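The structure appears right after this line, and notes come after that.
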Amino acid sequence: MKKLLKNATVFTNGKFEKCDVEVTNEIITNIASKIEGKSFDVIYDLQNLYLLPGLIDVHTHLREPGFIYKETIKTGSFAGAKGGYTSIAAMPNLKPTPDCYENLKLELDAIEKDAQINVYPYGTITKGENGEELANFEEMKDYVLAFSDDGKGVQNEEMMKNAMEEAKKVGKAIVAHCEDNSLLNGGYIHDGEYAKIHGHKGICSESEWGPIKRDIELARNTGCHYHVCHISTKESVELIRNAKAEGVKITCETGPHYLTLNDMRIQEEGRFKMNPPIRSEEDRIALLEGIKDGTIDMIITDHAPHSKEEKSKGLAGSSMGVVGLEVAFPVLYTNLVKTGIITLEKLIELMNTNPRNIFKIGTEIKVGEKADLTVYDLEEHYNIDSSTFVSMGKATPFEGEHVYGKCKMTICNGKEVFNDLG
């Protein structure tokens with residue numbers, strides 16, 4: 001099967017070029033200013049469109065096995081395809097938790113059967129994510145992207161030290177949800193101005209940056225690759241910036257909602273509730289500085305679908321988590337690129353190059369690479385409407401927001417997995 005993608009503005013070799021791309025079966029076989037004189041099974045004229053490397057998200061919740069009333073491998077991975085993602089990683093807060101090969105096999109089988117794009121599972125750090133006994137790293141190492149107890153922080157310092165030593169031994173990263181339970185005090189949104197005005201219980205910033213500070217010392221001493229999930233506070237940015245400067249093997253991520261919203265923009269609805277919470281404007285500005293100076297390595301969605309009922313109980317009663325795979329790129333392009341905060345090249349670095357280099361998944365647009373590609377119309381603009389989502393989760397803080405950038409086609413391993421070219 002030969003495809004020709006012609007006349008696109010293509011991101012290749014770290015820059016944009018107007019050129020044609022030839023795909024034979026699953027491989028990119030030619031990139032040139034003009035390709036002609038061959039017979040192709042299909043030709044797409046992508047004039048005025050952008051051809052980008054498939055987006056990569058190392059932090060999603062696909063909910064299978066155990067919670068398929070919220071999302072499935074099939075629906076979640078198709079949501080990724082619709083948003084331009086070709087590689088996503090599935091967090092392990094499942095039932096059963098993937099803490100040994102036997103449990104992990106259930107998820108692997110579902111991925112093999114139903115995944116629309118590349119899906120990489122995580123193994124847990126501790127058995128049952130209960131923080132009391134290490135999961136079987138050795139048994140799972142060849143099948144998982146890394147190890148995480150996402151949704152729960154590892155409270156015990158000795159347990160985290162042991163986990164880092166074991167992860168280092170098997171050549172995998174510890175991907176840490178940083179949350180000190182002793183500081184939560186029943187909070188459910190940021191302990192800031194909005195919480196005080198409206199009488200809500202707040203989550204303090206130290207509940208996040210305190211464990212990061214602890215773990216940086218452990219990572220320094222063990223030499224483990226330590227990756228920090230969804231950072232949201234200015235203190236977290238500063239701690240990680242300093243640790244990187246000192247040579248600690250540390251990387252981190254943040255999400256679109258932390259970069260574009262502050263706590264004074266939230267409303268009394270469950271679609272504004274996630275963990276960690278949307279923080280202050282001061283925190284948001286610090287996060288933007290962190291992505292600009294390279295402290296923050298990547299932007300993830302933390303796509304976390306719940307049922308309509310679970311998200312309909314206001315800020316206090318709703319489940320934590322929002323969906324993001326179908327809106328992340330347009331939200332970021334509109335708010336960060338079109339406003340001049342970062343370049344489009346930088347956004348691709350944050351959504352493909354860095355996660356690809358750090359976690360060794362995904363591809364670039366280069367001859368000989370697998371064809372993981374996404375086509376975007378950056379001029380098409382529209383209002384975000386969750387009723388059109390293919391994800392089973394509909395809760396997004398960006399409901400109704402006017403954005404630019406529409407995914408028109410996604411190709412994964414050379415196969416069209418989403419096509420809206422018309």
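The way I read the labels, and the way they are meant: chains A, B, ... in the order of the structure tokens, residue 1 as the first residue of every chain, and ligand 1 as the first ligand shown, with later ones counted on from there.
Using only C-alpha atoms, the residues found no farther than 8 Å from segment 387-389 of chain A, other than those of its own chain fewer than 3 positions away, are Ala79, Glu326, Met392, Gly393 and Lys394 of chain A.
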Dump as a Markdown table the rows for residues of segment 273-374 of chain A within 7 Å of segment 229-239 of chain A: closest atom pair and distance in Å with one decimal, only C-alpha atoms counted, ordered by chain and rising residue number.
```
| residue | atom | partner | partner_atom | distance |
| --- | --- | --- | --- | --- |
| A:Pro276 | CA | A:Ser232 | CA | 6.7 |
| A:Arg279 | CA | A:Ser232 | CA | 6.5 |
| A:Asp283 | CA | A:Lys234 | CA | 4.7 |
| A:Ala286 | CA | A:Lys234 | CA | 5.2 |
| A:Leu287 | CA | A:Lys234 | CA | 6.6 |
| A:Gly290 | CA | A:Val237 | CA | 6.3 |
| A:Thr295 | CA | A:Val237 | CA | 7.0 |
```
Inset, instruction - Name all residues at most 12 Å from Phe137 of chain A (count only C-alpha atoms; drop same-chain ones fewer than 3 positions away) and give them as a VMD selection string. - result: chain A and resid 98 to 101 104 122 to 127 133 to 134 140 to 148 162 to 174
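The nearest approach to Ile28 of chain A among the residues A:Pro53, A:Gly14, A:Gly317, A:Pro92, with only C-alpha atoms taken into account, belongs to A:Pro53.
For the set A:Cys407, A:Ala245, A:Leu55, A:Ile189, the residue with the smallest atom-to-atom gap to Ile266 of chain A is A:Ile189, counting only C-alpha atoms.
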Distance query Val119 of chain A at most 8 Å, only C-alpha atoms, self and fewer than 3 positions along chain excluded, as a PDB file with N, CA and C atoms, in the first residue's frame:
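Result went into result.pdb, see below:
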```
ATOM      1  N   SER A  77      -8.568   5.192  23.095  1.00  0.00           N
ATOM      2  CA  SER A  77      -7.528   5.282  22.066  1.00  0.00           C
ATOM      3  C   SER A  77      -8.063   5.949  20.804  1.00  0.00           C
ATOM      4  N   SER A  87       0.562   7.767  19.996  1.00  0.00           N
ATOM      5  CA  SER A  87       1.132   6.972  21.091  1.00  0.00           C
ATOM      6  C   SER A  87       0.673   7.562  22.419  1.00  0.00           C
ATOM      7  N   ILE A  88       0.030   6.716  23.239  1.00  0.00           N
ATOM      8  CA  ILE A  88      -0.400   7.158  24.565  1.00  0.00           C
ATOM      9  C   ILE A  88      -0.055   6.082  25.581  1.00  0.00           C
ATOM     10  N   ALA A  89       0.118   6.506  26.818  1.00  0.00           N
ATOM     11  CA  ALA A  89       0.425   5.569  27.896  1.00  0.00           C
ATOM     12  C   ALA A  89      -0.738   5.549  28.877  1.00  0.00           C
ATOM     13  N   ALA A  90      -1.099   4.344  29.323  1.00  0.00           N
ATOM     14  CA  ALA A  90      -2.272   4.148  30.172  1.00  0.00           C
ATOM     15  C   ALA A  90      -1.860   3.942  31.624  1.00  0.00           C
ATOM     16  N   ILE A 111      -5.543  -4.235  25.006  1.00  0.00           N
ATOM     17  CA  ILE A 111      -4.809  -3.338  24.104  1.00  0.00           C
ATOM     18  C   ILE A 111      -4.633  -4.002  22.742  1.00  0.00           C
ATOM     19  N   ALA A 115      -7.013  -1.524  20.751  1.00  0.00           N
ATOM     20  CA  ALA A 115      -6.339  -0.220  20.646  1.00  0.00           C
ATOM     21  C   ALA A 115      -6.330   0.277  19.210  1.00  0.00           C
TER      22      ALA A 115
END
```
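Reported to one decimal place, the separation of atom CA of Ile197 of chain A from atom CA of Lys311 of chain A is 22.5 Å.
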Inset, instruction - Write out as JSON, numbers by chain the residues lying within 8 Å of Thr396 of chain A, counting only C-alpha atoms and excluding same-chain residues fewer than 4 positions away. - result: {"A": [271, 272, 322, 323, 324, 386]}
I need the residues from that last selection saved to file as a short mmCIF file (atom, residue, chain, number, x, y, z; two decimals), in the first residue's frame (with C-alpha atoms), if you can.
```cif
data_model
loop_
_atom_site.label_atom_id
_atom_site.label_comp_id
_atom_site.auth_asym_id
_atom_site.auth_seq_id
_atom_site.Cartn_x
_atom_site.Cartn_y
_atom_site.Cartn_z
CA ARG A 271 -15.68 19.75 34.99
CA PHE A 272 -13.31 22.09 36.84
CA VAL A 322 -11.25 15.76 33.24
CA VAL A 323 -10.85 14.55 29.65
CA GLY A 324 -8.33 16.05 27.27
CA SER A 386 -18.16 17.83 24.42
#
```
Legend entry - Nearby residues (only C-alpha atoms) at most 9 Å from Leu350 of chain A, same-chain spacing under 3 positions excluded, as a ChimeraX atom specification: /A:291,296-300,345-347,353-355
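Proximity to Ser207 of chain A at 6 Å, evaluated using only C-alpha atoms and with sequence-adjacent residues fewer than 3 positions away removed, yields Glu179, Asp180, Leu183, Cys204 and Gly210 of chain A.
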Inset, instruction - Check the DSSP output for the backbone and give back, as a ChimeraX atom specification, the residues of segment 273-421 of chain A in helix (DSSP H, G or I). - result: /A:281-293,314-317,328-337,344-359,386-388
For segment 91-123 of chain A versus segment 151-158 of chain A, which residues have an atom no more than 12 Å away, and what is each residue's nearest atom pair and distance in Å rounded to one decimal, using only C-alpha atoms, chain-then-number order, as JSON lines?
```
{"residue": "A:Met91", "atom": "CA", "partner": "A:Gly151", "partner_atom": "CA", "distance": 8.9}
{"residue": "A:Pro92", "atom": "CA", "partner": "A:Gly151", "partner_atom": "CA", "distance": 8.9}
{"residue": "A:Asn93", "atom": "CA", "partner": "A:Gly151", "partner_atom": "CA", "distance": 6.8}
{"residue": "A:Leu94", "atom": "CA", "partner": "A:Gly151", "partner_atom": "CA", "distance": 10.4}
```
Inset, instruction - For atom CA of Glu139 of chain A and atom CA of Tyr120 of chain A, determine how far apart the two atoms are, in Å to one decimal place. - result: 16.1 Å
Inset, instruction - Considering only C-alpha atoms, state which residue in the set A:Ala243, A:Leu218, A:Cys252, A:Val21 is at the smallest distance from Ala176 of chain A. - result: A:Cys252
Legend entry - Atomic separation - atom CA of Tyr376 of chain A relative to atom CA of Lys408 of chain A, Å: 5.5 Å
Legend entry - Nearest to Ser318 of chain A, chosen from A:Gly340, A:Gly270, A:Gly422, A:Gly83, with only C-alpha atoms counted in the distances: A:Gly270
Inset, instruction - Among the residues of segment 182-253 of chain A, find those DSSP assigns to strand (DSSP E) from the backbone and print them as number ranges by chain. - result: A: 189-190, 202-203, 226-228, 250-253
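Among A:Leu5, A:Ile342, A:Ile203, A:Leu325, the residue with the shortest atom-to-atom distance to Gly255 of chain A, counting only C-alpha atoms, is A:Leu325.
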